[in-house]
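One file, coords_26.cif, is given below (mmCIF, C-alpha atoms and all ligand atoms).
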data_start
loop_
_atom_site.label_atom_id
_atom_site.label_comp_id
_atom_site.auth_asym_id
_atom_site.auth_seq_id
_atom_site.Cartn_x
_atom_site.Cartn_y
_atom_site.Cartn_z
CA MET A 13 42.63 32.10 -26.91
CA LYS A 14 39.11 33.33 -27.60
CA LYS A 15 38.17 29.82 -28.66
CA ARG A 16 39.41 28.48 -25.34
CA ILE A 17 37.44 31.04 -23.35
CA PHE A 18 34.36 30.17 -25.35
CA ALA A 19 34.91 26.45 -24.71
CA LEU A 20 35.29 27.14 -20.99
CA PHE A 21 32.14 29.26 -21.03
CA LEU A 22 30.29 26.46 -22.78
CA LEU A 23 31.51 23.90 -20.27
CA VAL A 24 30.45 26.05 -17.31
CA THR A 25 27.04 26.59 -18.91
CA ILE A 26 26.59 22.86 -19.45
CA ILE A 27 27.55 22.12 -15.85
CA LEU A 28 25.11 24.77 -14.58
CA VAL A 29 22.30 23.40 -16.75
CA LEU A 30 22.97 19.86 -15.57
CA GLN A 31 22.79 21.06 -11.98
CA VAL A 32 19.38 22.66 -12.37
CA ARG A 33 17.32 21.08 -9.67
CA ALA A 34 13.83 22.31 -9.32
CA GLY A 35 12.66 21.11 -5.90
CA LEU A 36 9.52 22.24 -4.09
CA THR A 37 7.26 21.26 -7.01
CA GLY A 38 9.05 23.30 -9.68
CA SER A 39 9.94 20.06 -11.47
CA TYR A 40 6.76 19.58 -13.47
CA SER A 41 5.57 21.25 -16.66
CA ALA A 42 1.96 22.48 -17.00
CA GLN A 43 1.52 20.11 -19.97
CA GLU A 44 2.25 17.21 -17.63
CA PHE A 45 -0.94 17.77 -15.61
CA GLU A 46 -3.01 18.41 -18.73
CA ARG A 47 -1.76 15.13 -20.23
CA ARG A 48 -2.77 13.30 -17.05
CA ARG A 49 -6.28 14.83 -17.10
CA LEU A 50 -6.75 13.95 -20.76
CA ALA A 51 -5.62 10.36 -20.13
CA LEU A 52 -8.12 10.05 -17.27
CA MET A 53 -11.00 11.57 -19.27
CA GLU A 54 -10.13 9.32 -22.22
CA ALA A 55 -10.30 6.23 -19.98
CA VAL A 56 -13.55 7.25 -18.25
CA GLY A 57 -15.30 8.55 -21.38
CA GLU A 58 -18.57 9.68 -19.76
CA GLY A 59 -20.23 11.87 -17.16
CA MET A 60 -18.40 14.22 -14.84
CA ILE A 61 -15.34 13.63 -12.68
CA ILE A 62 -15.05 15.54 -9.39
CA LEU A 63 -11.91 15.64 -7.22
CA PHE A 64 -11.47 17.53 -3.96
CA ALA A 65 -8.37 19.31 -2.65
CA ASN A 66 -7.28 19.01 0.96
CA PRO A 67 -9.26 21.45 3.12
CA GLY A 68 -6.32 23.21 4.75
CA ASN A 69 -3.31 22.91 6.95
CA SER A 70 -3.16 20.83 10.08
CA GLY A 71 -0.48 20.43 12.68
CA ALA A 72 3.02 21.84 12.42
CA GLY A 73 3.80 20.33 9.00
CA HIS A 74 3.74 22.15 5.68
CA PHE A 75 0.50 22.07 3.68
CA ARG A 76 0.47 19.08 1.37
CA GLN A 77 -2.15 18.79 -1.33
CA ASP A 78 -4.34 15.67 -1.65
CA ASN A 79 -2.37 13.16 -3.77
CA ASP A 80 -5.05 12.58 -6.42
CA PHE A 81 -5.94 16.26 -6.67
CA PHE A 82 -2.28 17.21 -7.07
CA TYR A 83 -1.72 14.46 -9.65
CA PHE A 84 -4.27 16.04 -12.00
CA THR A 85 -3.69 19.74 -11.31
CA GLY A 86 -0.26 20.47 -9.85
CA CYS A 87 -2.25 23.05 -7.88
CA GLU A 88 -1.62 23.58 -4.17
CA ASP A 89 -4.73 25.65 -3.37
CA ALA A 90 -6.52 24.43 -0.24
CA ASN A 91 -10.24 23.65 -0.26
CA ALA A 92 -10.53 23.65 -4.07
CA ILE A 93 -12.57 21.35 -6.35
CA LEU A 94 -11.62 20.09 -9.81
CA VAL A 95 -14.32 19.14 -12.32
CA MET A 96 -13.43 17.25 -15.50
CA LEU A 97 -15.90 16.75 -18.35
CA PRO A 98 -14.84 13.81 -20.57
CA ALA A 99 -17.34 14.72 -23.34
CA THR A 100 -15.68 18.08 -24.05
CA LYS A 101 -12.28 17.33 -22.39
CA ASP A 102 -12.72 20.52 -20.33
CA SER A 103 -11.37 21.01 -16.83
CA ILE A 104 -12.77 23.60 -14.42
CA LEU A 105 -11.33 24.59 -11.08
CA PHE A 106 -13.38 25.94 -8.17
CA VAL A 107 -11.32 27.83 -5.60
CA PRO A 108 -12.29 29.59 -2.34
CA GLN A 109 -12.57 33.37 -2.51
CA LYS A 110 -10.16 34.67 0.12
CA THR A 111 -10.78 37.71 2.28
CA ASP A 112 -8.24 40.56 2.30
CA ARG A 113 -7.20 39.42 5.75
CA GLU A 114 -6.59 35.84 4.55
CA LYS A 115 -4.60 37.13 1.58
CA MET A 116 -2.50 39.24 3.94
CA MET A 117 -1.84 36.30 6.26
CA GLU A 118 -1.23 33.49 3.76
CA GLY A 119 -1.16 34.99 0.27
CA GLY A 120 -3.74 34.56 -2.47
CA ASN A 121 -4.73 31.52 -4.51
CA SER A 122 -5.47 30.76 -8.18
CA LEU A 123 -8.56 32.97 -8.10
CA ASP A 124 -6.34 35.99 -7.41
CA ASP A 125 -3.87 35.10 -10.15
CA PRO A 126 -4.97 36.30 -13.63
CA GLU A 127 -2.49 33.92 -15.28
CA ALA A 128 -3.51 30.81 -13.34
CA LYS A 129 -6.19 29.67 -15.85
CA ASP A 130 -3.70 29.57 -18.73
CA ARG A 131 -0.81 28.32 -16.66
CA LEU A 132 -2.85 25.41 -15.26
CA ARG A 133 -4.42 24.89 -18.73
CA LEU A 134 -7.99 25.03 -17.48
CA LYS A 135 -11.25 26.05 -19.17
CA ALA A 136 -12.16 28.30 -16.23
CA ILE A 137 -11.53 29.09 -12.57
CA TYR A 138 -14.61 29.98 -10.50
CA PRO A 139 -15.21 30.75 -6.82
CA VAL A 140 -15.96 27.53 -4.94
CA SER A 141 -19.23 29.11 -3.73
CA TYR A 142 -20.50 28.64 -7.31
CA PHE A 143 -19.85 24.88 -7.28
CA GLU A 144 -23.22 23.76 -5.91
CA GLU A 145 -25.11 25.81 -8.47
CA PHE A 146 -22.94 24.30 -11.21
CA ILE A 147 -23.76 20.79 -9.96
CA ALA A 148 -27.45 21.57 -9.42
CA ARG A 149 -27.86 22.38 -13.13
CA LEU A 150 -26.70 18.84 -13.92
CA SER A 151 -29.13 17.16 -11.53
CA THR A 152 -32.06 17.57 -13.91
CA GLN A 153 -30.35 15.41 -16.54
CA PRO A 154 -31.68 11.85 -16.44
CA LYS A 155 -29.22 9.43 -14.85
CA ALA A 156 -26.30 11.85 -14.73
CA VAL A 157 -23.10 9.91 -14.10
CA VAL A 158 -20.75 11.42 -11.53
CA TYR A 159 -17.34 9.96 -10.74
CA LEU A 160 -16.13 10.61 -7.18
CA ARG A 161 -13.35 9.07 -5.15
CA LEU A 162 -15.51 6.52 -3.36
CA SER A 163 -12.44 4.56 -2.18
CA PRO A 164 -10.25 5.86 0.64
CA GLU A 165 -7.66 8.57 0.03
CA ASP A 166 -3.95 7.92 0.43
CA THR A 167 -1.34 10.18 2.01
CA ILE A 168 2.40 10.36 1.48
CA ALA A 169 2.97 7.95 4.37
CA GLU A 170 -0.17 5.78 4.16
CA ALA A 171 -1.66 3.57 1.45
CA ARG A 172 -5.39 3.74 0.67
CA SER A 173 -5.75 0.44 2.56
CA GLU A 174 -3.93 1.92 5.56
CA THR A 175 -6.10 5.06 5.82
CA ALA A 176 -9.14 2.74 5.57
CA LEU A 177 -7.73 0.60 8.37
CA PHE A 178 -7.04 3.62 10.59
CA THR A 179 -10.58 4.95 9.99
CA ALA A 180 -11.96 1.52 10.95
CA ARG A 181 -9.78 1.42 14.08
CA ARG A 182 -10.97 4.87 15.08
CA HIS A 183 -14.52 3.51 14.91
CA ARG A 184 -13.70 1.04 17.72
CA ASN A 185 -14.38 4.00 19.99
CA PRO A 186 -17.91 5.30 19.27
CA PHE A 187 -16.90 8.82 20.32
CA ASN A 188 -14.26 8.91 17.56
CA ALA A 189 -16.42 7.22 14.91
CA GLN A 190 -16.44 10.12 12.48
CA LEU A 191 -16.80 9.68 8.72
CA SER A 192 -13.71 10.25 6.60
CA LEU A 193 -13.94 13.19 4.18
CA ASN A 194 -14.47 10.76 1.29
CA GLN A 195 -17.29 9.01 3.12
CA TYR A 196 -18.87 12.33 4.05
CA ARG A 197 -18.73 13.69 0.48
CA ALA A 198 -20.35 10.54 -0.95
CA LYS A 199 -23.07 10.69 1.72
CA LEU A 200 -23.75 14.35 0.96
CA PHE A 201 -23.93 13.74 -2.80
CA ARG A 202 -26.41 10.89 -2.23
CA GLU A 203 -28.60 13.13 -0.05
CA LEU A 204 -28.48 16.26 -2.20
CA TYR A 205 -28.61 14.64 -5.64
CA PRO A 206 -30.30 11.25 -5.36
CA SER A 207 -30.72 11.10 -9.16
CA PHE A 208 -26.96 10.95 -9.74
CA GLN A 209 -25.35 7.64 -10.56
CA LEU A 210 -22.23 7.79 -8.40
CA LYS A 211 -19.27 5.78 -9.66
CA ASP A 212 -15.79 5.29 -8.24
CA ILE A 213 -12.99 7.15 -10.05
CA THR A 214 -10.25 5.51 -7.92
CA PRO A 215 -9.40 2.48 -10.11
CA TYR A 216 -8.97 4.76 -13.15
CA ILE A 217 -6.66 7.06 -11.16
CA ASP A 218 -4.65 4.17 -9.77
CA SER A 219 -3.96 2.55 -13.12
CA LEU A 220 -2.45 5.89 -14.26
CA ARG A 221 -0.52 6.56 -11.03
CA MET A 222 1.03 3.06 -11.08
CA ILE A 223 3.09 3.88 -14.18
CA LYS A 224 5.43 6.83 -13.64
CA THR A 225 5.76 9.51 -16.32
CA ALA A 226 9.13 10.76 -17.61
CA GLU A 227 8.86 13.85 -15.39
CA GLU A 228 8.09 11.73 -12.33
CA ILE A 229 11.00 9.42 -13.10
CA ALA A 230 13.38 12.41 -13.26
CA VAL A 231 12.21 13.55 -9.80
CA MET A 232 12.45 10.04 -8.35
CA ARG A 233 15.99 9.52 -9.71
CA ARG A 234 17.03 12.72 -7.95
CA ASN A 235 15.17 11.77 -4.79
CA GLY A 236 16.96 8.38 -4.86
CA LYS A 237 20.30 10.19 -4.82
CA ILE A 238 19.27 12.66 -2.07
CA SER A 239 17.72 9.98 0.16
CA ALA A 240 20.74 7.70 -0.29
CA GLU A 241 23.01 10.59 0.69
CA ALA A 242 20.80 11.14 3.75
CA VAL A 243 21.13 7.54 4.97
CA LYS A 244 24.88 7.62 4.29
CA LYS A 245 25.15 10.75 6.44
CA ALA A 246 23.24 8.98 9.23
CA MET A 247 25.65 6.05 9.02
CA LEU A 248 28.55 8.45 9.47
CA VAL A 249 27.09 10.11 12.59
CA SER A 250 26.24 6.78 14.24
CA ARG A 251 28.60 5.64 17.02
CA PRO A 252 28.39 3.86 20.37
CA GLY A 253 26.58 6.23 22.72
CA ALA A 254 24.71 8.11 19.97
CA TYR A 255 20.96 8.52 20.31
CA GLU A 256 18.72 7.19 17.55
CA TYR A 257 17.31 10.68 16.94
CA GLU A 258 20.78 12.01 16.04
CA LEU A 259 20.70 9.77 12.96
CA GLU A 260 17.21 11.01 12.09
CA ALA A 261 18.40 14.62 12.38
CA ALA A 262 21.39 14.02 10.10
CA ALA A 263 19.25 12.40 7.40
CA VAL A 264 16.45 14.98 7.50
CA GLU A 265 18.98 17.78 7.14
CA VAL A 266 20.30 16.32 3.87
CA VAL A 267 16.77 16.16 2.44
CA LEU A 268 15.88 19.72 3.45
CA ARG A 269 19.19 21.12 2.18
CA ASN A 270 18.49 19.62 -1.24
CA GLY A 271 15.02 21.10 -1.73
CA GLY A 272 13.03 18.15 -0.38
CA ARG A 273 10.05 18.73 1.92
CA GLY A 274 11.31 16.42 4.68
CA PRO A 275 10.90 12.73 5.37
CA ALA A 276 8.22 10.92 3.34
CA TYR A 277 7.17 8.94 6.43
CA PRO A 278 8.18 8.85 10.09
CA PRO A 279 11.86 7.83 9.99
CA ILE A 280 12.58 4.49 11.65
CA VAL A 281 15.88 4.41 13.55
CA GLY A 282 15.94 1.32 15.75
CA SER A 283 19.01 0.08 17.61
CA GLY A 284 19.51 -3.22 19.46
CA PRO A 285 16.09 -4.63 20.46
CA ASN A 286 14.35 -1.92 18.42
CA THR A 287 15.69 -3.42 15.16
CA CYS A 288 12.98 -6.07 15.57
CA ILE A 289 10.03 -3.63 15.80
CA LEU A 290 9.14 -3.19 12.14
CA HIS A 291 7.49 0.23 12.39
CA TYR A 292 9.40 1.53 15.45
CA GLU A 293 9.57 5.33 15.32
CA LYS A 294 10.26 6.64 18.83
CA ASN A 295 13.94 6.97 17.91
CA SER A 296 14.83 7.82 21.52
CA ARG A 297 17.24 5.07 22.55
CA GLN A 298 20.99 5.35 23.06
CA MET A 299 22.83 2.80 20.91
CA GLN A 300 25.65 0.65 22.21
CA ALA A 301 28.75 -1.01 20.78
CA GLY A 302 28.09 -4.53 19.53
CA GLU A 303 24.49 -3.75 18.53
CA LEU A 304 22.98 -3.27 15.12
CA VAL A 305 21.07 -0.17 14.08
CA LEU A 306 18.33 -0.37 11.44
CA MET A 307 17.29 2.79 9.62
CA ASP A 308 14.28 2.97 7.29
CA PHE A 309 14.21 6.41 5.69
CA GLY A 310 13.10 8.21 2.54
CA GLY A 311 12.71 11.85 1.62
CA GLU A 312 9.86 13.65 -0.11
CA LEU A 313 10.84 15.58 -3.23
CA ASP A 314 8.18 17.36 -5.28
CA TYR A 315 5.38 15.18 -3.88
CA LEU A 316 7.20 11.92 -4.61
CA SER A 317 8.60 9.61 -1.96
CA MET A 318 11.53 7.23 -1.68
CA ASP A 319 12.10 4.19 0.55
CA ILE A 320 15.48 2.92 1.79
CA THR A 321 16.48 0.65 4.66
CA ARG A 322 20.00 -0.15 5.78
CA THR A 323 21.19 -2.09 8.84
CA TRP A 324 24.72 -1.71 10.16
CA PRO A 325 26.87 -2.40 13.24
CA VAL A 326 27.09 0.54 15.66
CA SER A 327 30.76 -0.22 16.40
CA GLY A 328 31.69 -0.49 12.72
CA LYS A 329 32.26 -4.26 12.40
CA PHE A 330 29.61 -6.98 12.07
CA THR A 331 29.93 -9.95 14.47
CA GLU A 332 30.05 -13.39 12.80
CA GLU A 333 26.44 -14.08 13.78
CA GLN A 334 25.22 -10.71 12.47
CA LYS A 335 27.22 -11.22 9.28
CA LYS A 336 25.63 -14.61 8.59
CA ILE A 337 22.08 -13.25 8.87
CA TYR A 338 22.97 -10.07 6.99
CA ARG A 339 24.41 -12.03 4.09
CA THR A 340 21.18 -14.08 3.80
CA VAL A 341 18.98 -10.97 3.64
CA LEU A 342 21.36 -9.31 1.18
CA GLU A 343 21.47 -12.31 -1.16
CA VAL A 344 17.66 -12.56 -1.14
CA GLN A 345 17.37 -8.82 -1.82
CA LYS A 346 19.87 -8.98 -4.68
CA ALA A 347 18.11 -12.00 -6.17
CA CYS A 348 14.79 -10.08 -6.10
CA ILE A 349 16.45 -7.20 -7.96
CA GLU A 350 17.87 -9.64 -10.53
CA ALA A 351 14.39 -11.08 -11.08
CA PHE A 352 12.72 -7.71 -11.62
CA LYS A 353 11.64 -6.99 -15.20
CA PRO A 354 8.37 -6.37 -17.04
CA GLY A 355 5.92 -9.28 -16.96
CA VAL A 356 7.19 -10.72 -13.67
CA THR A 357 4.77 -11.67 -10.85
CA PHE A 358 5.18 -12.27 -7.10
CA LYS A 359 5.37 -16.02 -7.74
CA ASP A 360 8.09 -15.60 -10.41
CA VAL A 361 10.25 -13.58 -7.98
CA GLN A 362 9.87 -16.18 -5.25
CA GLU A 363 10.82 -19.01 -7.60
CA TYR A 364 13.83 -17.09 -8.87
CA VAL A 365 15.00 -16.30 -5.33
CA ALA A 366 14.69 -19.96 -4.29
CA ARG A 367 16.70 -21.05 -7.35
CA ARG A 368 19.47 -18.47 -6.78
CA MET A 369 19.83 -19.33 -3.08
CA LYS A 370 20.13 -23.02 -4.01
CA GLU A 371 22.74 -22.25 -6.70
CA LYS A 372 24.78 -20.30 -4.16
CA ASP A 373 24.26 -23.06 -1.58
CA LEU A 374 22.82 -20.60 0.95
CA ASP A 375 20.21 -21.26 3.64
CA SER A 376 17.47 -18.66 3.12
CA MET A 377 16.40 -18.96 6.80
CA GLY A 378 12.77 -19.01 5.69
CA LEU A 379 13.05 -15.75 3.75
CA THR A 380 11.36 -16.03 0.35
CA GLY A 381 11.52 -12.50 -1.12
CA GLY A 382 8.77 -10.93 -3.14
CA VAL A 383 7.77 -7.93 -5.20
CA GLY A 384 7.56 -5.40 -2.33
CA HIS A 385 5.34 -2.36 -2.76
CA LEU A 386 4.93 0.46 -5.26
CA VAL A 387 6.39 3.88 -4.43
CA GLY A 388 5.18 7.26 -5.69
CA LEU A 389 2.98 10.04 -4.32
CA SER A 390 2.58 7.65 -1.39
CA VAL A 391 5.44 5.58 -0.05
CA HIS A 392 2.94 2.69 -0.14
CA ASP A 393 1.65 3.70 -3.54
CA VAL A 394 -1.60 2.74 -5.25
CA GLN A 395 -2.14 -0.60 -6.93
CA THR A 396 -5.06 -2.08 -8.84
CA GLY A 397 -5.48 -5.82 -9.26
CA ASP A 398 -2.77 -8.49 -8.95
CA LEU A 399 0.66 -7.03 -9.46
CA VAL A 400 2.50 -7.80 -12.69
CA LEU A 401 5.65 -5.69 -13.12
CA LYS A 402 5.54 -3.14 -15.95
CA GLU A 403 8.03 -0.67 -17.35
CA GLY A 404 7.71 2.64 -15.48
CA MET A 405 6.66 1.15 -12.15
CA VAL A 406 8.70 2.14 -9.10
CA MET A 407 8.95 -0.54 -6.41
CA ALA A 408 10.55 -0.92 -2.98
CA ILE A 409 12.13 -4.32 -2.27
CA GLU A 410 12.47 -4.87 1.46
CA PRO A 411 13.30 -8.38 2.70
CA GLY A 412 14.13 -8.68 6.40
CA LEU A 413 14.88 -11.27 9.08
CA TYR A 414 14.01 -10.58 12.71
CA PHE A 415 15.27 -12.48 15.78
CA PRO A 416 13.98 -10.62 18.88
CA GLU A 417 15.61 -13.17 21.20
CA LYS A 418 19.02 -12.16 19.76
CA ASN A 419 18.21 -8.43 19.38
CA ILE A 420 18.99 -8.86 15.68
CA GLY A 421 16.64 -7.41 13.10
CA ILE A 422 18.03 -6.92 9.59
CA ARG A 423 16.20 -5.32 6.69
CA ILE A 424 17.74 -4.15 3.43
CA GLU A 425 15.55 -2.05 1.18
CA ASP A 426 16.06 -0.30 -2.13
CA THR A 427 13.67 1.51 -4.43
CA VAL A 428 13.92 0.48 -8.08
CA LEU A 429 12.48 1.61 -11.40
CA ILE A 430 11.29 -1.12 -13.76
CA THR A 431 12.94 -0.56 -17.14
CA ARG A 432 12.35 -2.17 -20.55
CA ASN A 433 14.31 -5.32 -19.70
CA GLY A 434 15.18 -5.17 -16.02
CA CYS A 435 15.32 -2.56 -13.30
CA GLU A 436 17.39 0.42 -12.22
CA VAL A 437 18.19 0.79 -8.50
CA LEU A 438 17.44 4.43 -7.65
CA THR A 439 18.99 4.21 -4.17
CA SER A 440 22.27 2.46 -5.04
CA ASP A 441 24.50 5.28 -3.70
CA VAL A 442 24.17 4.03 -0.14
CA PRO A 443 26.36 0.95 0.48
CA LYS A 444 24.89 -2.43 1.33
CA GLU A 445 27.76 -4.91 0.82
CA ILE A 446 29.35 -5.88 4.15
CA GLU A 447 32.84 -4.70 3.11
CA GLU A 448 31.49 -1.38 1.74
CA ILE A 449 29.55 -0.70 4.96
CA GLU A 450 32.53 -1.49 7.17
CA ALA A 451 34.78 0.70 4.99
CA LEU A 452 32.36 3.64 5.21
CA LEU A 453 32.02 3.26 8.99
CA ALA A 454 35.80 3.10 9.36
CA ARG A 455 35.90 6.72 8.19
CA ARG A 456 34.14 7.84 11.39
CA LYS A 457 36.22 9.49 14.10
CA PHE A 458 35.27 8.86 17.73
MN MN A 501 9.14 -0.04 2.34
#

In structure tokens, write the structure found in this file.
Ligand SMILES: [Mn+2]
Amino acid sequence: MKKRIFALFLLVTIILVLQVRAGLTGSYSAQEFERRRLALMEAVGEGMIILFANPGNSGAGHFRQDNDFFYFTGCEDANAILVMLPATKDSILFVPQKTDREKMMEGGNSLDDPEAKDRLRLKAIYPVSYFEEFIARLSTQPKAVVYLRLSPEDTIAEARSETALFTARRHRNPFNAQLSLNQYRAKLFRELYPSFQLKDITPYIDSLRMIKTAEEIAVMRRNGKISAEAVKKAMLVSRPGAYEYELEAAAVEVVLRNGGRGPAYPPIVGSGPNTCILHYEKNSRQMQAGELVLMDFGGELDYLSMDITRTWPVSGKFTEEQKKIYRTVLEVQKACIEAFKPGVTFKDVQEYVARRMKEKDLDSMGLTGGVGHLVGLSVHDVQTGDLVLKEGMVMAIEPGLYFPEKNIGIRIEDTVLITRNGCEVLTSDVPKEIEEIEALLARRKF
């Protein structure tokens, strides 16, 4: 009997351990960030590397740290500065000294925490007001090399190229033509310390961020499950007469309930004509029987994003015309997934897709497939150089066909992890086969 009780106890313990789900950034070890810093310093090998934290909160959203700063610190202090010294492998954090009033309103930061230095595995933590003096000492060295992020920043929802584009668009109006923080910091460094040789740290960061670590992969696997559950929930609340935002609400709730921060980008829920607007996000229309609804959604879990798109019939059954187009997109998407493995390029995927469609005697309707985009701290994650798939990359595959004259837009998107000899679909829990979708929708009651 005692043996049985012990076995039961063991089983319960194992189940509890397996269910441990950190969420809200508790998923990473301190060693993880130290390893990343050491890898960066190893690759750079000279001078001083300086990274800036986000200055503070804006809007109604939660504070989110700058992607690159978070990647190398795991620290969520606002307005901080990280200095890395490749020669000695030391890392120093500069953090704002908060007033008693600030501490009362928002809590303290790493400067108020006597254990922060050891926990974050840093050489020292100083007040940020000491930073300029620290830098000034260096400016007397001949040709001091300083690595800054001279390329644009990325955010969870925008690639570096997209933030650059939005800055450029803002400059169309001279009254909004303000420098980005990166541009401003570089300008200030050039003015204050003209002897420095400024170099761009971004390509070094991006080649690290492109390959996910074991800890990142664990978070992304979990996010794949949560985000898939979220889209499935949205499918179940869809019905003729539902508003697009009801689907958004259902999906966001699943993410929040599972320890995610919310959506990783503005959720796209487009019905009828809106299925053909690729980045539609008003989500205000009432959907009707006979139409399709396209939902592009991914949650944020511990700073990492996910990217899923599904398209389904509002009434629960595809029409013959919708089915024909859907099948084409699905076959192209599945062929892309089949082609994915280390060493593969954009051209390889396209050739494979063309071959598979021919073998299955299917008209691809002009759809060629491709490698999609990387996913990570940003949903359109960083990339350096021409893309060749490597083990540890996480990619979204998102073929779509759009016929505005028919009000039919169909996109099917999954996020996959490149493994040693293929890929693992992280978002496979949400159905995409026609029969599976129709079976799931048949469970709805209305
Ligand atoms: Mn995508």

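Closest to ligand MN 501 (chain A) among A:Met299, A:Val361, A:Val383, A:Ile61 is A:Val383, based on only C-alpha atoms and all ligand atoms.
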
Discussion item. Let me see if you get this right: every residue at most 12 Å from ligand MN 501 (chain A), counting only C-alpha atoms and all ligand atoms, written as a ChimeraX atom specification.
Written reply: /A:169-171,276-280,290-291,307-310,317-322,383-388,390-393,406-412,423-428

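Shortest atom-to-atom contact with Lys244 (chain A) among A:Met232, A:Ile137, A:Val264, A:Ile289: A:Val264, counting only C-alpha atoms.
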
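Shortest atom-to-atom contact with Glu258 (chain A) among A:Val442, A:Val281, A:Ala240, A:Ala176: A:Val281, counting only C-alpha atoms.
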
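Nearest-residue note for Asn91 (chain A): choosing from A:Arg149, A:Arg76, A:Arg251, A:Arg368, the minimum distance belongs to A:Arg76, counting all atoms listed in the file.
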
Find the residues near Glu450 (chain A): any atom within 9 Å, counting only C-alpha atoms, skip ones fewer than 2 places away on the same chain, and give them as a PyMOL selection string.
chain A and resi 324-325+328-330+445-448+452-455

List as a list in words the protein and nucleic acid residues near Ala51 (chain A), meaning an atom at most 12 Å away when all atoms listed in the file are counted, but skip any in the same chain fewer than 2 places from it.
Glu44, Phe45, Glu46, Arg47, Arg48, Arg49, Met53, Glu54, Ala55, Val56, Gly57, Tyr83, Phe84, Met96, Pro98, Lys101, Tyr216, Ile217, Ser219, Leu220 and Arg221 of chain A
